[in-house]
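Working notes, structure below.
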Amino acid sequence: MSDTFPALHDQHLKPIAPESLRPAFSTHKPRILILYGSLREVSYSRLLSFEVRRLLERLGCEVRIFDPAGLPLPDEAPVSHPKVNELRELTQWSEGHVWISPERHGAMTGIMKAQIDWIPLSIGSVRPTQGKTLAVMEVSGGSQSFNAVNQLRILGRWMRMLTIPNQSSVAKAFQEFDADGRMKP
């Protein structure tokens, strides 16, 4: 070994306890935020968000669904707007997200994109979404497509989220829910 880098001797190294390498265990249920991208009275993305909430709660998660009604367009209002504050606080609270958008004109809806655009890219030097898990889903009125989920996946990556590989696309969503708004088996 060169004189510049003297050899390390075992007596200079302190043993590392394996438990010190494990991440800390959470003391609360996993916190999941669901965003959906429609304001329609009968919104299949909202109905799907309720189904997702039921499943996640059954799996032991604490779930909150953000209602986008009343959220202004980005740059239309100050960040102090109550709906913007609500969304940002829920983002800080959450440890994972589920984004569910209808596909409209081959893309996610503007309502979905507005919610994502109001989530700040950074607070100080950290992105509030960085390292959080993201699941992406879409509903379509016609045949199955993956345009909206592909766009959501790109946005999640841009926001440094860990997007899970599985995704859901519900084709002909109007046929997939019963009269009570529950998803059919």
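Scheme for the structure tokens: letters A, B, ... for chains in order shown; per-chain residue numbers from 1; ligand numbers from 1 in order shown.
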
### Query
If we count only C-alpha atoms, what is near A:Pro165 at a cut-off of 10 Å, once residues fewer than 2 positions away on the same chain are taken out, given as a list in words?
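Near neighbours after the sequence-gap exclusion: Leu134, Ala135, Val136, Arg153, Leu162, Thr163 and Gln167 of chain A.
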
May I have a table of the residues of stretch 22-78 of chain A lying at most 12 Å from stretch 98-116 of chain A, giving each one's closest pair of atoms and their distance in Å to one decimal, counting only C-alpha atoms, ordered by chain and ascending residue number, as CSV?
residue,atom,partner,partner_atom,distance
A:Arg31,CA,A:Val98,CA,11.0
A:Ile32,CA,A:Val98,CA,7.3
A:Leu33,CA,A:Val98,CA,6.3
A:Ile34,CA,A:Val98,CA,4.7
A:Leu35,CA,A:Trp99,CA,4.9
A:Tyr36,CA,A:Ile100,CA,4.7
A:Gly37,CA,A:Met112,CA,4.1
A:Ser38,CA,A:Ile111,CA,6.3
A:Leu39,CA,A:Ile111,CA,7.9
A:Arg40,CA,A:Pro102,CA,10.8
A:Ser43,CA,A:Pro102,CA,8.8
A:Tyr44,CA,A:Pro102,CA,7.7
A:Ser45,CA,A:Ile100,CA,5.9
A:Arg46,CA,A:Ile100,CA,8.0
A:Leu47,CA,A:Ile100,CA,10.1
A:Leu48,CA,A:Ile100,CA,7.8
A:Ser49,CA,A:Ile100,CA,7.0
A:Phe50,CA,A:Ile100,CA,10.8
A:Glu51,CA,A:Ile100,CA,11.4
A:Val52,CA,A:Val98,CA,8.5
A:Arg53,CA,A:Val98,CA,9.5
A:Leu56,CA,A:Val98,CA,10.4
A:Val63,CA,A:Val98,CA,10.0
A:Arg64,CA,A:Val98,CA,10.3
A:Ile65,CA,A:Val98,CA,9.3
A:Phe66,CA,A:Gln115,CA,9.3
A:Asp67,CA,A:Gln115,CA,9.9
A:Pro68,CA,A:Gln115,CA,7.2
A:Ala69,CA,A:Ile111,CA,9.1
A:Gly70,CA,A:Ile111,CA,10.5
A:Leu71,CA,A:Gln115,CA,7.7
A:Pro72,CA,A:Ala114,CA,8.0
A:Leu73,CA,A:Ala114,CA,6.0
A:Pro74,CA,A:Ala114,CA,6.1
A:Asp75,CA,A:Ala114,CA,9.9
A:Glu76,CA,A:Ala114,CA,10.7

### Message
For stretch 175-177 of chain A, find every residue with an atom within 10 Å (counting only C-alpha atoms), except residues of its own chain fewer than 4 positions away, and show them as a VMD selection string.
### Response
chain A and resid 44 47 to 48 139 141 170 to 171 181 to 185

### Query
When DSSP works through the backbone of this structure, what residues of stretch 18-122 of chain A end up as strand (DSSP E), shown as a ChimeraX atom specification?
/A:31-36,62-66,96-104,107-108

For the structure I just gave you, how does DSSP split stretch 2-146 of chain A - specifically, which residues are helix (DSSP H, G or I)? Reply as a compact mmCIF listing (two decimals) with all heavy atoms, in the first residue's frame.
# COMPACT_ATOMS: atom_id res chain seq x y z
N ASP A 10 -7.10 -3.81 12.01
CA ASP A 10 -8.34 -4.21 12.65
C ASP A 10 -8.54 -3.59 14.03
O ASP A 10 -9.65 -3.32 14.43
CB ASP A 10 -8.43 -5.73 12.76
CG ASP A 10 -8.65 -6.36 11.39
OD1 ASP A 10 -9.13 -5.65 10.48
OD2 ASP A 10 -8.38 -7.56 11.26
N GLN A 11 -7.44 -3.33 14.74
CA GLN A 11 -7.60 -2.79 16.08
C GLN A 11 -8.14 -1.36 16.07
O GLN A 11 -8.65 -0.87 17.06
CB GLN A 11 -6.28 -2.86 16.88
CG GLN A 11 -5.20 -1.92 16.41
CD GLN A 11 -4.25 -2.58 15.41
OE1 GLN A 11 -4.58 -3.59 14.80
NE2 GLN A 11 -3.08 -2.02 15.25
N HIS A 12 -8.08 -0.66 14.90
CA HIS A 12 -8.60 0.70 14.80
C HIS A 12 -10.07 0.74 14.42
O HIS A 12 -10.69 1.79 14.50
CB HIS A 12 -7.80 1.52 13.78
CG HIS A 12 -6.37 1.69 14.17
ND1 HIS A 12 -5.98 2.42 15.25
CD2 HIS A 12 -5.23 1.20 13.61
CE1 HIS A 12 -4.67 2.39 15.36
NE2 HIS A 12 -4.19 1.65 14.37
N PRO A 18 -25.21 -5.04 14.21
CA PRO A 18 -26.14 -5.17 13.09
C PRO A 18 -27.44 -4.40 13.28
O PRO A 18 -27.98 -3.84 12.33
CB PRO A 18 -26.42 -6.68 13.01
CG PRO A 18 -25.26 -7.32 13.70
CD PRO A 18 -24.79 -6.32 14.72
N GLU A 19 -27.95 -4.33 14.50
CA GLU A 19 -29.21 -3.60 14.73
C GLU A 19 -29.09 -2.11 14.45
O GLU A 19 -30.07 -1.44 14.17
CB GLU A 19 -29.77 -3.86 16.13
CG GLU A 19 -28.87 -3.48 17.27
CD GLU A 19 -27.86 -4.59 17.67
OE1 GLU A 19 -27.83 -5.65 17.05
OE2 GLU A 19 -27.10 -4.34 18.60
N SER A 20 -27.87 -1.56 14.51
CA SER A 20 -27.69 -0.13 14.23
C SER A 20 -27.85 0.17 12.73
O SER A 20 -28.03 1.31 12.36
CB SER A 20 -26.33 0.35 14.72
OG SER A 20 -25.30 -0.20 13.92
N LEU A 21 -27.80 -0.85 11.89
CA LEU A 21 -27.97 -0.65 10.45
C LEU A 21 -29.42 -0.72 10.01
O LEU A 21 -29.76 -0.32 8.91
CB LEU A 21 -27.15 -1.70 9.69
CG LEU A 21 -25.64 -1.67 9.93
CD1 LEU A 21 -24.98 -2.83 9.22
CD2 LEU A 21 -25.06 -0.35 9.48
N TYR A 44 -65.71 8.46 -11.11
CA TYR A 44 -65.20 7.10 -10.94
C TYR A 44 -63.82 7.09 -10.30
O TYR A 44 -63.48 6.16 -9.58
CB TYR A 44 -65.22 6.34 -12.27
CG TYR A 44 -66.64 6.16 -12.76
CD1 TYR A 44 -67.11 6.87 -13.86
CD2 TYR A 44 -67.52 5.32 -12.08
CE1 TYR A 44 -68.43 6.73 -14.28
CE2 TYR A 44 -68.84 5.18 -12.49
CZ TYR A 44 -69.29 5.89 -13.58
OH TYR A 44 -70.59 5.76 -13.98
N SER A 45 -63.05 8.15 -10.50
CA SER A 45 -61.75 8.22 -9.80
C SER A 45 -61.98 8.41 -8.29
O SER A 45 -61.25 7.85 -7.47
CB SER A 45 -60.85 9.31 -10.37
OG SER A 45 -61.41 10.59 -10.25
N ARG A 46 -63.01 9.18 -7.92
CA ARG A 46 -63.33 9.33 -6.49
C ARG A 46 -63.86 8.01 -5.92
O ARG A 46 -63.45 7.58 -4.84
CB ARG A 46 -64.33 10.45 -6.27
CG ARG A 46 -64.66 10.66 -4.78
CD ARG A 46 -65.57 11.85 -4.50
NE ARG A 46 -66.82 11.79 -5.23
CZ ARG A 46 -67.19 12.66 -6.18
NH1 ARG A 46 -66.40 13.66 -6.51
NH2 ARG A 46 -68.35 12.54 -6.81
N LEU A 47 -64.75 7.33 -6.67
CA LEU A 47 -65.26 6.04 -6.20
C LEU A 47 -64.13 5.03 -6.05
O LEU A 47 -64.09 4.27 -5.07
CB LEU A 47 -66.33 5.51 -7.16
CG LEU A 47 -67.64 6.30 -7.21
CD1 LEU A 47 -68.57 5.71 -8.27
CD2 LEU A 47 -68.31 6.36 -5.85
N LEU A 48 -63.19 5.03 -6.99
CA LEU A 48 -62.04 4.13 -6.88
C LEU A 48 -61.17 4.51 -5.67
O LEU A 48 -60.66 3.64 -4.98
CB LEU A 48 -61.22 4.16 -8.17
CG LEU A 48 -60.04 3.19 -8.24
CD1 LEU A 48 -60.46 1.75 -7.99
CD2 LEU A 48 -59.34 3.33 -9.60
N SER A 49 -61.07 5.81 -5.39
CA SER A 49 -60.28 6.21 -4.21
C SER A 49 -60.92 5.69 -2.92
O SER A 49 -60.21 5.31 -1.99
CB SER A 49 -60.10 7.73 -4.16
OG SER A 49 -61.29 8.39 -3.79
N PHE A 50 -62.25 5.63 -2.87
CA PHE A 50 -62.91 5.07 -1.69
C PHE A 50 -62.63 3.57 -1.56
O PHE A 50 -62.43 3.06 -0.45
CB PHE A 50 -64.42 5.31 -1.74
CG PHE A 50 -64.83 6.77 -1.70
CD1 PHE A 50 -66.04 7.17 -2.24
CD2 PHE A 50 -64.03 7.75 -1.13
CE1 PHE A 50 -66.44 8.50 -2.21
CE2 PHE A 50 -64.41 9.08 -1.08
CZ PHE A 50 -65.62 9.45 -1.63
N GLU A 51 -62.61 2.87 -2.70
CA GLU A 51 -62.28 1.43 -2.67
C GLU A 51 -60.84 1.22 -2.20
O GLU A 51 -60.56 0.35 -1.38
CB GLU A 51 -62.46 0.81 -4.06
CG GLU A 51 -63.90 0.71 -4.52
CD GLU A 51 -64.75 -0.22 -3.68
OE1 GLU A 51 -64.24 -1.24 -3.16
OE2 GLU A 51 -65.96 0.06 -3.54
N VAL A 52 -59.94 2.04 -2.70
CA VAL A 52 -58.53 1.94 -2.30
C VAL A 52 -58.39 2.22 -0.81
O VAL A 52 -57.66 1.52 -0.10
CB VAL A 52 -57.66 2.90 -3.14
CG1 VAL A 52 -56.25 3.01 -2.59
CG2 VAL A 52 -57.62 2.43 -4.60
N ARG A 53 -59.10 3.24 -0.32
CA ARG A 53 -59.05 3.55 1.11
C ARG A 53 -59.51 2.34 1.94
O ARG A 53 -58.86 1.98 2.92
CB ARG A 53 -59.92 4.76 1.46
CG ARG A 53 -59.92 5.04 2.97
CD ARG A 53 -60.79 6.20 3.38
NE ARG A 53 -62.17 5.91 3.00
CZ ARG A 53 -63.12 6.84 2.92
NH1 ARG A 53 -62.85 8.10 3.18
NH2 ARG A 53 -64.34 6.51 2.57
N ARG A 54 -60.62 1.72 1.55
CA ARG A 54 -61.10 0.55 2.29
C ARG A 54 -60.06 -0.56 2.33
O ARG A 54 -59.82 -1.17 3.38
CB ARG A 54 -62.41 0.03 1.68
CG ARG A 54 -63.62 0.86 2.05
CD ARG A 54 -64.91 0.21 1.58
NE ARG A 54 -65.26 0.53 0.21
CZ ARG A 54 -65.91 1.62 -0.18
NH1 ARG A 54 -66.27 2.53 0.71
NH2 ARG A 54 -66.21 1.82 -1.43
N LEU A 55 -59.41 -0.81 1.20
CA LEU A 55 -58.38 -1.86 1.15
C LEU A 55 -57.18 -1.50 2.02
O LEU A 55 -56.67 -2.34 2.78
CB LEU A 55 -57.93 -2.10 -0.29
CG LEU A 55 -58.93 -2.79 -1.20
CD1 LEU A 55 -58.47 -2.73 -2.64
CD2 LEU A 55 -59.15 -4.23 -0.76
N LEU A 56 -56.71 -0.27 1.91
CA LEU A 56 -55.53 0.14 2.68
C LEU A 56 -55.82 0.14 4.19
O LEU A 56 -54.96 -0.24 4.98
CB LEU A 56 -55.05 1.51 2.23
CG LEU A 56 -54.38 1.55 0.84
CD1 LEU A 56 -54.14 2.98 0.41
CD2 LEU A 56 -53.08 0.76 0.86
N GLU A 57 -57.01 0.56 4.56
CA GLU A 57 -57.37 0.53 5.99
C GLU A 57 -57.43 -0.90 6.49
O GLU A 57 -57.01 -1.19 7.60
CB GLU A 57 -58.68 1.27 6.23
CG GLU A 57 -58.53 2.78 6.13
CD GLU A 57 -59.83 3.55 6.24
OE1 GLU A 57 -60.93 2.93 6.10
OE2 GLU A 57 -59.76 4.78 6.43
N ARG A 58 -57.94 -1.79 5.66
CA ARG A 58 -58.00 -3.21 6.05
C ARG A 58 -56.59 -3.79 6.23
O ARG A 58 -56.36 -4.67 7.04
CB ARG A 58 -58.76 -3.99 4.99
CG ARG A 58 -58.95 -5.41 5.34
CD ARG A 58 -60.34 -5.80 5.10
NE ARG A 58 -60.58 -7.07 5.76
CZ ARG A 58 -61.67 -7.72 5.64
NH1 ARG A 58 -62.63 -7.23 4.91
NH2 ARG A 58 -61.84 -8.85 6.25
N PRO A 82 -56.59 28.27 1.79
CA PRO A 82 -56.90 27.14 2.69
C PRO A 82 -56.79 25.76 2.03
O PRO A 82 -56.28 24.82 2.64
CB PRO A 82 -58.34 27.42 3.14
CG PRO A 82 -58.55 28.87 2.91
CD PRO A 82 -57.65 29.28 1.79
N LYS A 83 -57.24 25.61 0.78
CA LYS A 83 -57.15 24.30 0.12
C LYS A 83 -55.70 23.94 -0.21
O LYS A 83 -55.30 22.78 -0.14
CB LYS A 83 -58.00 24.26 -1.16
CG LYS A 83 -59.48 24.21 -0.92
CD LYS A 83 -59.95 22.97 -0.16
CE LYS A 83 -59.99 21.73 -0.98
NZ LYS A 83 -60.69 20.60 -0.34
N VAL A 84 -54.90 24.94 -0.55
CA VAL A 84 -53.47 24.70 -0.82
C VAL A 84 -52.79 24.27 0.48
O VAL A 84 -52.02 23.30 0.50
CB VAL A 84 -52.80 25.95 -1.43
CG1 VAL A 84 -51.29 25.73 -1.57
CG2 VAL A 84 -53.43 26.30 -2.77
N ASN A 85 -53.09 24.97 1.56
CA ASN A 85 -52.53 24.60 2.87
C ASN A 85 -52.93 23.18 3.26
O ASN A 85 -52.10 22.41 3.75
CB ASN A 85 -52.99 25.57 3.96
CG ASN A 85 -52.09 26.76 4.07
OD1 ASN A 85 -50.92 26.70 3.73
ND2 ASN A 85 -52.65 27.87 4.54
N GLU A 86 -54.20 22.83 3.05
CA GLU A 86 -54.67 21.50 3.39
C GLU A 86 -53.88 20.44 2.62
O GLU A 86 -53.42 19.45 3.19
CB GLU A 86 -56.16 21.37 3.07
CG GLU A 86 -56.73 20.00 3.34
CD GLU A 86 -58.17 19.85 2.87
OE1 GLU A 86 -58.80 20.83 2.41
OE2 GLU A 86 -58.68 18.71 2.95
N LEU A 87 -53.72 20.65 1.31
CA LEU A 87 -52.99 19.69 0.48
C LEU A 87 -51.53 19.58 0.92
O LEU A 87 -50.99 18.48 1.05
CB LEU A 87 -53.07 20.10 -0.99
CG LEU A 87 -52.28 19.24 -1.97
CD1 LEU A 87 -52.71 17.79 -1.93
CD2 LEU A 87 -52.40 19.82 -3.38
N ARG A 88 -50.91 20.70 1.19
CA ARG A 88 -49.50 20.68 1.60
C ARG A 88 -49.32 20.02 2.97
O ARG A 88 -48.36 19.30 3.19
CB ARG A 88 -48.93 22.09 1.58
CG ARG A 88 -48.76 22.59 0.15
CD ARG A 88 -48.21 23.97 0.07
NE ARG A 88 -47.89 24.28 -1.32
CZ ARG A 88 -46.97 25.15 -1.70
NH1 ARG A 88 -46.27 25.80 -0.79
NH2 ARG A 88 -46.75 25.37 -2.96
N GLU A 89 -50.23 20.27 3.90
CA GLU A 89 -50.16 19.63 5.21
C GLU A 89 -50.35 18.12 5.10
O GLU A 89 -49.65 17.35 5.76
CB GLU A 89 -51.17 20.24 6.17
CG GLU A 89 -50.79 21.64 6.63
CD GLU A 89 -51.88 22.33 7.43
OE1 GLU A 89 -52.91 21.69 7.76
OE2 GLU A 89 -51.72 23.53 7.72
N LEU A 90 -51.28 17.70 4.26
CA LEU A 90 -51.49 16.26 4.06
C LEU A 90 -50.27 15.60 3.41
O LEU A 90 -49.91 14.48 3.75
CB LEU A 90 -52.74 16.01 3.21
CG LEU A 90 -54.07 16.22 3.91
CD1 LEU A 90 -55.23 16.19 2.92
CD2 LEU A 90 -54.28 15.20 5.02
N THR A 91 -49.63 16.33 2.51
CA THR A 91 -48.42 15.80 1.88
C THR A 91 -47.32 15.63 2.92
O THR A 91 -46.61 14.61 2.92
CB THR A 91 -47.96 16.72 0.74
OG1 THR A 91 -48.99 16.77 -0.25
CG2 THR A 91 -46.68 16.23 0.10
N GLN A 92 -47.16 16.61 3.81
CA GLN A 92 -46.15 16.49 4.88
C GLN A 92 -46.49 15.34 5.82
O GLN A 92 -45.61 14.61 6.26
CB GLN A 92 -46.09 17.80 5.68
CG GLN A 92 -45.41 18.94 4.96
CD GLN A 92 -43.93 18.69 4.79
OE1 GLN A 92 -43.48 18.34 3.71
NE2 GLN A 92 -43.18 18.84 5.85
N TRP A 93 -47.77 15.15 6.13
CA TRP A 93 -48.23 14.11 7.04
C TRP A 93 -48.00 12.71 6.46
O TRP A 93 -47.65 11.78 7.17
CB TRP A 93 -49.72 14.32 7.32
CG TRP A 93 -50.42 13.17 7.93
CD1 TRP A 93 -50.50 12.87 9.26
CD2 TRP A 93 -51.16 12.15 7.26
NE1 TRP A 93 -51.25 11.72 9.45
CE2 TRP A 93 -51.66 11.26 8.23
CE3 TRP A 93 -51.46 11.90 5.92
CZ2 TRP A 93 -52.43 10.15 7.90
CZ3 TRP A 93 -52.22 10.80 5.59
CH2 TRP A 93 -52.69 9.94 6.58
N GLY A 110 -56.61 17.98 -15.86
CA GLY A 110 -56.02 19.21 -15.31
C GLY A 110 -56.22 19.30 -13.81
O GLY A 110 -55.39 19.86 -13.09
N ILE A 111 -57.31 18.74 -13.31
CA ILE A 111 -57.58 18.73 -11.87
C ILE A 111 -56.51 17.93 -11.14
O ILE A 111 -56.02 18.33 -10.09
CB ILE A 111 -59.00 18.18 -11.60
CG1 ILE A 111 -60.03 19.16 -12.17
CG2 ILE A 111 -59.24 17.93 -10.12
CD1 ILE A 111 -61.36 18.54 -12.47
N MET A 112 -56.13 16.80 -11.73
CA MET A 112 -55.07 15.98 -11.14
C MET A 112 -53.74 16.72 -11.17
O MET A 112 -53.02 16.78 -10.17
CB MET A 112 -54.97 14.66 -11.92
CG MET A 112 -54.07 13.64 -11.28
SD MET A 112 -54.89 12.94 -9.83
CE MET A 112 -53.50 12.76 -8.75
N LYS A 113 -53.42 17.29 -12.31
CA LYS A 113 -52.14 18.00 -12.47
C LYS A 113 -52.07 19.21 -11.55
O LYS A 113 -51.01 19.50 -10.98
CB LYS A 113 -51.95 18.42 -13.94
CG LYS A 113 -50.61 19.09 -14.23
CD LYS A 113 -49.44 18.16 -14.10
CE LYS A 113 -48.17 18.68 -14.72
NZ LYS A 113 -47.55 19.80 -14.06
N ALA A 114 -53.19 19.90 -11.36
CA ALA A 114 -53.19 21.07 -10.47
C ALA A 114 -52.82 20.67 -9.04
O ALA A 114 -52.08 21.38 -8.36
CB ALA A 114 -54.55 21.77 -10.50
N GLN A 115 -53.35 19.54 -8.59
CA GLN A 115 -53.01 19.08 -7.23
C GLN A 115 -51.51 18.82 -7.11
O GLN A 115 -50.86 19.23 -6.15
CB GLN A 115 -53.78 17.80 -6.91
CG GLN A 115 -55.27 18.02 -6.76
CD GLN A 115 -55.99 16.71 -6.61
OE1 GLN A 115 -56.06 16.17 -5.52
NE2 GLN A 115 -56.54 16.20 -7.70
N ILE A 116 -50.98 18.12 -8.10
CA ILE A 116 -49.55 17.80 -8.07
C ILE A 116 -48.72 19.07 -8.15
O ILE A 116 -47.71 19.21 -7.46
CB ILE A 116 -49.21 16.81 -9.21
CG1 ILE A 116 -49.94 15.48 -8.96
CG2 ILE A 116 -47.71 16.61 -9.33
CD1 ILE A 116 -49.95 14.54 -10.14
N ASP A 117 -49.16 20.03 -8.97
CA ASP A 117 -48.41 21.29 -9.11
C ASP A 117 -48.41 22.13 -7.84
O ASP A 117 -47.50 22.93 -7.62
CB ASP A 117 -48.95 22.11 -10.27
CG ASP A 117 -48.53 21.55 -11.62
OD1 ASP A 117 -47.64 20.68 -11.66
OD2 ASP A 117 -49.11 21.98 -12.64
N TRP A 118 -49.42 21.98 -6.98
CA TRP A 118 -49.45 22.72 -5.72
C TRP A 118 -48.55 22.10 -4.66
O TRP A 118 -48.22 22.75 -3.66
CB TRP A 118 -50.87 22.85 -5.17
CG TRP A 118 -51.62 24.02 -5.72
CD1 TRP A 118 -52.74 24.00 -6.48
CD2 TRP A 118 -51.31 25.41 -5.53
NE1 TRP A 118 -53.15 25.27 -6.78
CE2 TRP A 118 -52.28 26.16 -6.21
CE3 TRP A 118 -50.29 26.09 -4.86
CZ2 TRP A 118 -52.29 27.55 -6.24
CZ3 TRP A 118 -50.29 27.48 -4.89
CH2 TRP A 118 -51.28 28.20 -5.56

### Message
If I take atom CA of A:Arg157 and atom CA of A:Arg127, how far is one from the other in Å, to one decimal?
### Response
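Atom CA of A:Arg127 lies at a distance of 11.9 Å from atom CA of A:Arg157.
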
Leaving out A:Met161 and any residue of its chain fewer than 5 positions from it, which residues lie within 8 Å of it when counting only C-alpha atoms, given as a compact mmCIF listing (two decimals) with N, CA, C and O atoms, in the first residue's frame?
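For reference, result_32.txt as written:
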# COMPACT_ATOMS: atom_id res chain seq x y z
N THR A 129 -41.97 15.22 -1.00
CA THR A 129 -42.39 13.91 -1.50
C THR A 129 -41.21 12.94 -1.61
O THR A 129 -41.42 11.76 -1.87
N GLN A 130 -40.02 13.42 -1.42
CA GLN A 130 -38.82 12.60 -1.63
C GLN A 130 -38.83 11.35 -0.75
O GLN A 130 -39.03 11.42 0.46
N GLY A 131 -38.64 10.19 -1.39
CA GLY A 131 -38.56 8.93 -0.67
C GLY A 131 -39.90 8.33 -0.29
O GLY A 131 -39.96 7.25 0.27
N LYS A 132 -41.00 9.02 -0.59
CA LYS A 132 -42.32 8.48 -0.28
C LYS A 132 -42.74 7.52 -1.39
O LYS A 132 -42.37 7.67 -2.54
N THR A 133 -43.53 6.54 -1.02
CA THR A 133 -44.01 5.55 -1.97
C THR A 133 -45.20 6.12 -2.74
O THR A 133 -46.01 6.85 -2.18
N LEU A 134 -45.29 5.77 -4.02
CA LEU A 134 -46.39 6.24 -4.88
C LEU A 134 -46.98 5.06 -5.65
O LEU A 134 -46.25 4.28 -6.26
N GLY A 156 -44.16 11.38 -10.56
CA GLY A 156 -43.67 10.82 -9.30
C GLY A 156 -42.16 10.70 -9.28
O GLY A 156 -41.51 11.03 -8.28
